[in-house]
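Asker: Sharing entry-v9.txt, compact mmCIF, C-alpha atoms:
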```
# COMPACT_ATOMS: atom_id res chain seq x y z
CA MET A 596 14.25 -11.27 -33.61
CA PRO A 597 10.84 -9.90 -32.53
CA LEU A 598 8.58 -11.91 -30.26
CA PRO A 599 5.54 -13.60 -31.82
CA ARG A 600 2.27 -11.70 -31.45
CA SER A 601 1.09 -13.90 -28.56
CA PRO A 602 4.27 -15.37 -27.05
CA GLY A 603 4.27 -18.19 -24.56
CA LEU A 604 5.17 -17.25 -21.03
CA LEU A 605 8.62 -18.87 -21.18
CA ALA A 606 9.49 -16.77 -24.23
CA LEU A 607 9.11 -13.65 -22.09
CA TYR A 608 11.60 -14.68 -19.42
CA PRO A 609 14.75 -13.32 -21.17
CA HIS A 610 13.03 -9.92 -21.25
CA ILE A 611 12.12 -9.77 -17.51
CA THR A 612 14.62 -8.10 -15.19
CA GLY A 613 14.81 -8.28 -11.42
CA ARG A 614 13.24 -4.83 -11.18
CA ASP A 615 10.42 -5.98 -13.47
CA ARG A 616 9.75 -8.94 -11.18
CA LEU A 617 9.56 -6.63 -8.18
CA LEU A 618 7.08 -4.41 -10.02
CA LEU A 619 4.95 -7.41 -10.99
CA GLN A 620 4.87 -8.52 -7.35
CA LEU A 621 3.95 -5.04 -6.14
CA LEU A 622 1.09 -4.88 -8.62
CA ASP A 623 0.00 -8.38 -7.66
CA ASP A 624 -0.14 -7.29 -4.02
CA HIS A 625 -1.48 -3.75 -4.40
CA ARG A 626 -3.33 -3.80 -7.74
CA VAL A 627 -2.60 -0.37 -9.23
CA PHE A 628 -0.02 2.43 -9.33
CA THR A 629 0.39 5.58 -11.38
CA THR A 630 3.46 6.20 -13.53
CA ASP A 631 4.73 8.70 -10.96
CA GLN A 632 4.36 6.22 -8.09
CA ILE A 633 6.31 3.53 -9.96
CA HIS A 634 8.99 6.07 -10.88
CA ARG A 635 9.52 7.09 -7.25
CA MET A 636 9.63 3.50 -6.00
CA LEU A 637 11.82 1.82 -8.61
CA PHE A 638 13.47 4.19 -11.08
CA GLY A 639 15.91 7.07 -11.17
CA ALA A 640 14.95 8.87 -14.38
CA ARG A 641 11.30 9.42 -15.21
CA ARG A 642 11.86 8.91 -18.94
CA THR A 643 13.51 5.55 -18.30
CA CYS A 644 10.48 4.56 -16.25
CA GLN A 645 8.05 5.60 -18.99
CA ILE A 646 9.96 3.70 -21.67
CA ARG A 647 10.19 0.54 -19.58
CA LEU A 648 6.51 0.57 -18.67
CA GLY A 649 5.66 0.87 -22.35
CA GLU A 650 7.89 -2.11 -23.13
CA LEU A 651 6.29 -4.22 -20.40
CA ALA A 652 2.84 -3.30 -21.72
CA ALA A 653 3.91 -4.34 -25.23
CA LEU A 654 4.93 -7.73 -23.79
CA GLY A 655 1.50 -8.09 -22.18
CA LEU A 656 2.98 -8.07 -18.67
CA LEU A 657 1.27 -4.78 -17.80
CA ASP A 658 -1.98 -3.09 -18.73
CA ARG A 659 -2.94 0.55 -18.29
CA PHE A 660 -5.85 2.98 -18.31
CA ARG A 661 -6.47 6.67 -17.67
CA PHE A 662 -9.34 9.11 -17.61
CA ALA A 663 -10.01 12.53 -19.11
CA ARG A 664 -9.60 15.62 -16.95
CA ALA A 665 -12.40 18.12 -16.60
CA GLY A 666 -11.49 21.04 -18.84
CA GLY A 667 -9.20 19.02 -21.09
CA GLY A 668 -6.20 16.73 -20.94
CA SER A 669 -5.86 13.41 -19.18
CA HIS A 670 -5.11 12.05 -15.75
CA PRO A 671 -1.89 10.00 -15.34
CA TRP A 672 -1.67 6.45 -16.61
CA HIS A 673 -2.76 3.86 -14.07
CA TRP A 674 -0.82 0.60 -14.35
CA THR A 675 -1.95 -2.88 -13.40
CA LEU A 676 -1.04 -6.44 -14.33
CA GLY A 677 -1.67 -7.48 -17.92
CA HIS A 678 -2.63 -11.00 -18.90
CA GLN A 679 0.96 -12.22 -19.13
CA GLY A 680 1.71 -10.55 -15.81
CA HIS A 681 -1.19 -12.39 -14.19
CA ARG A 682 0.08 -15.65 -15.73
CA PHE A 683 3.60 -15.00 -14.46
CA GLN A 684 2.42 -14.27 -10.92
CA ALA A 685 0.12 -17.29 -10.93
CA ALA A 686 3.07 -19.50 -11.88
CA ALA A 687 5.32 -17.85 -9.26
CA HIS A 688 2.81 -18.49 -6.48
CA GLN A 689 1.42 -21.83 -7.72
CA ARG A 690 -2.06 -20.42 -8.34
CA PRO A 691 -4.41 -21.59 -11.12
CA GLU A 692 -3.61 -19.89 -14.41
CA PRO A 693 -6.14 -17.14 -15.21
CA THR A 694 -8.04 -16.99 -18.46
CA LEU A 695 -7.76 -14.01 -20.75
CA ARG A 696 -11.40 -13.22 -20.06
CA ALA A 697 -10.83 -13.21 -16.30
CA THR A 698 -7.82 -10.92 -16.69
CA ARG A 699 -9.76 -8.44 -18.79
CA GLN A 700 -12.67 -8.46 -16.34
CA SER A 701 -10.26 -7.78 -13.48
CA THR A 702 -8.82 -4.73 -15.24
CA HIS A 703 -12.25 -3.43 -16.26
CA ARG A 704 -13.60 -3.77 -12.72
CA LEU A 705 -10.55 -2.07 -11.25
CA SER A 706 -10.74 0.86 -13.67
CA ALA A 707 -14.46 1.38 -12.95
CA ASN A 708 -14.21 0.83 -9.18
CA PRO A 709 -15.59 3.90 -7.35
CA HIS A 710 -13.06 3.23 -4.58
CA LEU A 711 -10.08 3.53 -6.95
CA PRO A 712 -9.07 6.99 -5.60
CA HIS A 713 -9.06 5.58 -2.07
CA LEU A 714 -6.87 2.64 -3.13
CA LEU A 715 -4.41 4.98 -4.82
CA THR A 716 -4.32 7.17 -1.70
CA ALA A 717 -3.52 4.20 0.52
CA ASN A 718 -0.84 3.03 -1.90
CA GLU A 719 0.61 6.56 -2.04
CA PHE A 720 1.27 6.44 1.70
CA PHE A 721 3.49 3.38 1.30
CA VAL A 722 5.04 4.70 -1.92
CA ARG A 723 6.28 7.74 0.01
CA LEU A 724 7.82 5.53 2.68
CA THR A 725 9.46 3.39 -0.01
CA ALA A 726 10.82 6.44 -1.82
CA HIS A 727 12.13 7.88 1.46
CA ALA A 728 13.92 4.62 2.26
CA ARG A 729 15.62 4.68 -1.16
CA GLN A 730 17.16 8.04 -0.30
CA HIS A 731 18.02 7.52 3.38
CA ALA A 732 20.40 4.83 4.56
CA GLY A 733 19.09 2.96 7.57
CA ALA A 734 15.42 3.57 6.78
CA ARG A 735 13.42 0.51 5.68
CA LEU A 736 9.84 -0.44 4.96
CA ASP A 737 10.12 -3.97 6.30
CA ARG A 738 6.46 -4.89 5.78
CA TRP A 739 3.76 -3.57 3.46
CA TRP A 740 0.49 -5.42 3.67
CA SER A 741 -2.52 -4.50 1.58
CA GLU A 742 -6.02 -4.12 2.98
CA THR A 743 -6.84 -7.62 1.77
CA LEU A 744 -3.83 -9.27 3.41
CA THR A 745 -4.18 -7.23 6.60
CA THR A 746 -7.83 -8.28 6.94
CA LYS A 747 -6.91 -11.92 6.25
CA ARG A 748 -4.12 -12.03 8.81
CA TYR A 749 -5.69 -9.93 11.58
CA ARG A 750 -9.30 -10.97 10.85
CA THR A 751 -11.30 -8.52 12.95
CA ILE A 752 -9.90 -5.26 11.58
CA THR A 753 -10.26 -3.76 8.12
CA ALA A 754 -7.31 -1.35 7.93
CA ASP A 755 -6.34 0.16 4.59
CA GLY A 756 -2.87 -1.26 5.10
CA HIS A 757 -0.33 -2.39 7.66
CA GLY A 758 3.39 -1.88 7.81
CA LEU A 759 6.59 -2.17 9.78
CA TRP A 760 8.83 0.89 9.46
CA SER A 761 12.43 0.86 10.69
CA VAL A 762 15.01 3.58 11.13
CA ALA A 763 18.37 2.30 12.37
CA ASP A 764 17.52 -0.14 15.19
CA VAL A 765 14.00 1.19 15.92
CA THR A 766 11.04 -0.64 14.34
CA VAL A 767 7.46 0.58 14.57
CA GLY A 768 4.36 -1.27 13.44
CA PHE A 769 1.28 0.64 12.35
CA PHE A 770 -2.16 0.34 10.81
CA LEU A 771 -3.19 2.82 8.14
CA GLU A 772 -6.57 4.50 7.79
CA ALA A 773 -6.33 6.51 4.56
CA ASP A 774 -9.16 9.04 4.74
CA THR A 775 -10.44 10.78 1.61
CA GLY A 776 -13.10 12.82 3.39
CA THR A 777 -16.09 10.81 2.19
CA GLU A 778 -17.08 9.24 5.52
CA PRO A 779 -18.58 11.01 8.54
CA LEU A 780 -16.04 11.37 11.32
CA SER A 781 -18.28 9.40 13.66
CA ARG A 782 -17.81 6.37 11.40
CA VAL A 783 -14.07 6.99 11.18
CA VAL A 784 -13.73 7.02 14.98
CA ALA A 785 -15.96 3.94 15.33
CA LYS A 786 -13.29 1.91 13.52
CA LEU A 787 -11.14 2.14 16.65
CA ASP A 788 -13.44 -0.33 18.43
CA ARG A 789 -12.12 -3.18 16.32
CA TYR A 790 -8.53 -2.24 17.03
CA ALA A 791 -9.35 -2.28 20.73
CA GLN A 792 -10.76 -5.79 20.31
CA LEU A 793 -7.54 -6.87 18.57
CA ILE A 794 -5.44 -5.60 21.49
CA ARG A 795 -7.68 -7.33 24.06
CA ARG A 796 -7.32 -10.72 22.41
CA GLY A 797 -3.51 -10.56 22.37
CA GLY A 798 -2.79 -8.81 19.09
CA PRO A 799 -0.23 -6.04 18.63
CA ARG A 800 -0.75 -2.60 20.09
CA TYR A 801 0.23 -0.59 17.01
CA PRO A 802 -0.71 3.05 16.44
CA VAL A 803 -3.57 3.65 14.03
CA LEU A 804 -2.47 6.32 11.56
CA PHE A 805 -5.22 8.53 10.20
CA TRP A 806 -3.92 10.10 6.98
CA LEU A 807 -6.36 12.90 6.24
CA ALA A 808 -7.29 15.07 3.28
CA SER A 809 -7.14 18.44 5.08
CA GLU A 810 -5.92 20.17 8.22
CA GLN A 811 -9.49 21.15 9.05
CA ARG A 812 -10.63 17.52 9.02
CA GLU A 813 -7.61 16.60 11.12
CA GLU A 814 -8.55 19.24 13.70
CA HIS A 815 -12.15 18.02 13.84
CA LEU A 816 -11.06 14.40 14.20
CA HIS A 817 -8.83 15.18 17.18
CA ARG A 818 -11.83 16.48 19.08
CA ARG A 819 -13.27 12.95 18.91
CA LEU A 820 -10.19 10.82 19.53
CA GLY A 821 -9.47 9.09 22.84
CA GLY A 822 -9.66 5.70 24.47
CA ASP A 823 -7.24 2.81 24.72
CA VAL A 824 -6.03 2.61 21.11
CA PRO A 825 -2.92 4.65 20.27
CA CYS A 826 -3.50 6.81 17.19
CA ALA A 827 -1.97 9.77 15.41
CA THR A 828 -2.87 11.99 12.47
CA ALA A 829 -1.22 13.72 9.53
CA THR A 830 -2.40 15.09 6.19
CA HIS A 831 -1.90 13.93 2.61
CA GLY A 832 0.49 16.77 1.87
CA THR A 833 3.14 15.43 4.27
CA ASN A 834 5.91 12.86 4.09
CA PRO A 835 4.82 10.11 6.49
CA ALA A 836 8.46 9.33 7.28
CA GLY A 837 8.94 12.82 8.74
CA ALA A 838 8.02 14.42 12.07
CA VAL A 839 4.44 15.02 10.93
CA TRP A 840 2.40 12.80 13.26
CA LEU A 841 0.19 14.37 15.91
CA PRO A 842 -0.72 11.77 18.58
CA ALA A 843 -4.14 11.96 20.19
CA GLY A 844 -4.04 14.34 23.16
CA ALA A 845 -0.63 15.78 22.20
CA THR A 846 0.33 19.27 21.05
CA GLY A 847 3.53 18.51 19.14
CA ARG A 848 4.22 16.40 16.07
CA VAL A 849 6.65 13.49 16.10
CA ALA A 850 8.23 11.05 13.65
CA LEU A 851 6.71 7.67 12.95
CA THR A 852 9.47 5.93 14.90
CA ASP A 853 8.60 8.05 17.97
CA LEU A 854 5.07 6.63 18.22
CA PRO A 855 4.39 3.88 20.80
CA SER A 856 4.41 0.43 19.24
CA ASP A 857 4.08 -3.02 20.78
CA HIS A 858 4.25 -6.16 18.64
CA GLY A 859 2.14 -8.05 21.17
CA PRO A 860 2.71 -11.43 22.81
CA PRO A 861 3.63 -14.57 20.82
CA VAL A 862 0.15 -16.08 20.92
CA ALA A 863 -1.56 -18.08 18.19
CA ASP A 864 -3.81 -15.16 17.25
CA ASN A 865 -0.89 -12.80 16.59
CA PRO A 866 0.43 -13.10 12.99
CA ASN A 867 3.68 -11.38 14.00
CA TYR A 868 4.96 -14.69 15.34
CA ASP A 869 5.69 -18.13 13.93
CA ASP A 870 6.33 -20.74 16.65
CA GLY A 871 7.10 -17.91 19.06
CA VAL A 872 9.61 -16.20 16.73
CA PHE A 873 8.93 -12.68 15.44
CA VAL A 874 8.80 -12.65 11.63
CA VAL A 875 8.76 -9.77 9.19
```
Can you give me the file's structure in the form of structure tokens?
Answerer:
Amino acid sequence: MPLPRSPGLLALYPHITGRDRLLLQLLDDHRVFTTDQIHRMLFGARRTCQIRLGELAALGLLDRFRFARAGGGSHPWHWTLGHQGHRFQAAAHQRPEPTLRATRQSTHRLSANPHLPHLLTANEFFVRLTAHARQHAGARLDRWWSETLTTKRYRTITADGHGLWSVADVTVGFFLEADTGTEPLSRVVAKLDRYAQLIRRGGPRYPVLFWLASEQREEHLHRRLGGDVPCATATHGTNPAGAVWLPAGATGRVALTDLPSDHGPPVADNPNYDDGVFVV
């Protein structure tokens, strides 16, 4: 029997799988993904992914938008939470239920946000790590924090994301700076001052990963890097899980798990710890 045109939230529950719930949480945390990104993170067959996304959109759990390409055709679909998806996540996290108007405004603002390409680039970094972990036993993305959550937890830095990446028994923390080439390199380098402040007040000493749009920009950035904050660079065309990272002052590239990483002391200002115990 088909669902009513505007079903109550409880009526949707028999249609929501565990994978759907994971997707809703990912979109709640990270706002937007393309069809291809969702496929690589959660599905085997692309067609299965496309069909399921369409079904979730029909249920109101997801919403989507896309733009025209110059010269004809369209860019990929961009997926975000629909009204029912926002309601479901609000219930799951005991937040006030959003109105339909608020949900629509959220989608409209996201679709028109001039920083949307930057958000998708930052998300793509973590999507690649997630996809790599699906295909390699022993590799895990133990933590994936958005810019918003990273800023909230670490307070003085404004990284584009933060993660914990593990391979076998080695775990490395990192901060991501996803560079799209729109900022002067002087401003990019100046961001390291805040990471230095974090280290001085007892925070973790994690490498800052500059993920850059071109090899030329990477070369120019290395001429400016230095100081007390560990950092490394790679370009958008690489798999961040591979041996693609060039540390400042080095001549050879290494894997993410080969970069120096220190979780910091168990002090009150370090969100890695809860009552002195390290938490993922």
Asker: Give me the residues of segment 660-748 of chain A that have any atom at most 12 Å from an atom of segment 605-609 of chain A; for each, the nearest atom pair and the distance in Å, rounded to one decimal. Use all atoms listed in the file, sort by chain and number, and format it as a tab-separated table.
Answerer:
```
residue	atom	partner	partner_atom	distance
A:Gln679	CA	A:Leu607	CA	8.8
A:Gly680	CA	A:Leu607	CA	10.2
A:Arg682	CA	A:Leu605	CA	10.6
A:Phe683	CA	A:Leu605	CA	9.2
A:Ala686	CA	A:Leu605	CA	10.8
```
Asker: Using only C-alpha atoms, which of the listed residues (A:His757, A:His727, A:His681, A:Arg782) sits closest to Trp739 of chain A?
Answerer: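 Nearest to Trp739 of chain A: A:His757.
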Asker: Could you give me, as a list in words, the residues within 9 Å of Leu854 of chain A, counting only C-alpha atoms and dropping anything in the same chain fewer than 2 positions from it?
Answerer: Val767, Tyr801, Pro802, Pro825, Cys826, Ala827, Trp840, Pro842, Val849, Ala850, Leu851, Thr852 and Ser856 of chain A
Asker: With distances taken over only C-alpha atoms, which residue among A:Thr694, A:Asn865, A:Thr675, A:Asn708 lies nearest Ile794 of chain A?
Answerer: A:Asn865
Asker: When you count all atoms listed in the file, which of these residues is closest to Gly822 of chain A: A:Ile752, A:Ala763, A:Leu787, A:Ala845?
Answerer: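 Closest to Gly822 of chain A of all the choices is A:Leu787.
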Asker: Take atom CA of Gly844 of chain A and atom CA of Val803 of chain A and report the distance between them in Å, one decimal.
Answerer: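 Answer for the atom CA of Gly844 of chain A to atom CA of Val803 of chain A separation: 14.1 Å.
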Asker: Using atom CA of Ser761 of chain A and atom CA of Leu617 of chain A as the two end points, give the distance in Å to one decimal.
Answerer: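 Straight-line distance from atom CA of Ser761 of chain A to atom CA of Leu617 of chain A works out to 20.5 Å.
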Asker: Please tell me which residues are no farther than 7 Å from (16.1, 7.6, -5.2) in the file, counting only C-alpha atoms, and write them as a PyMOL selection string.
Answerer: chain A and resi 635+639+726+729-730
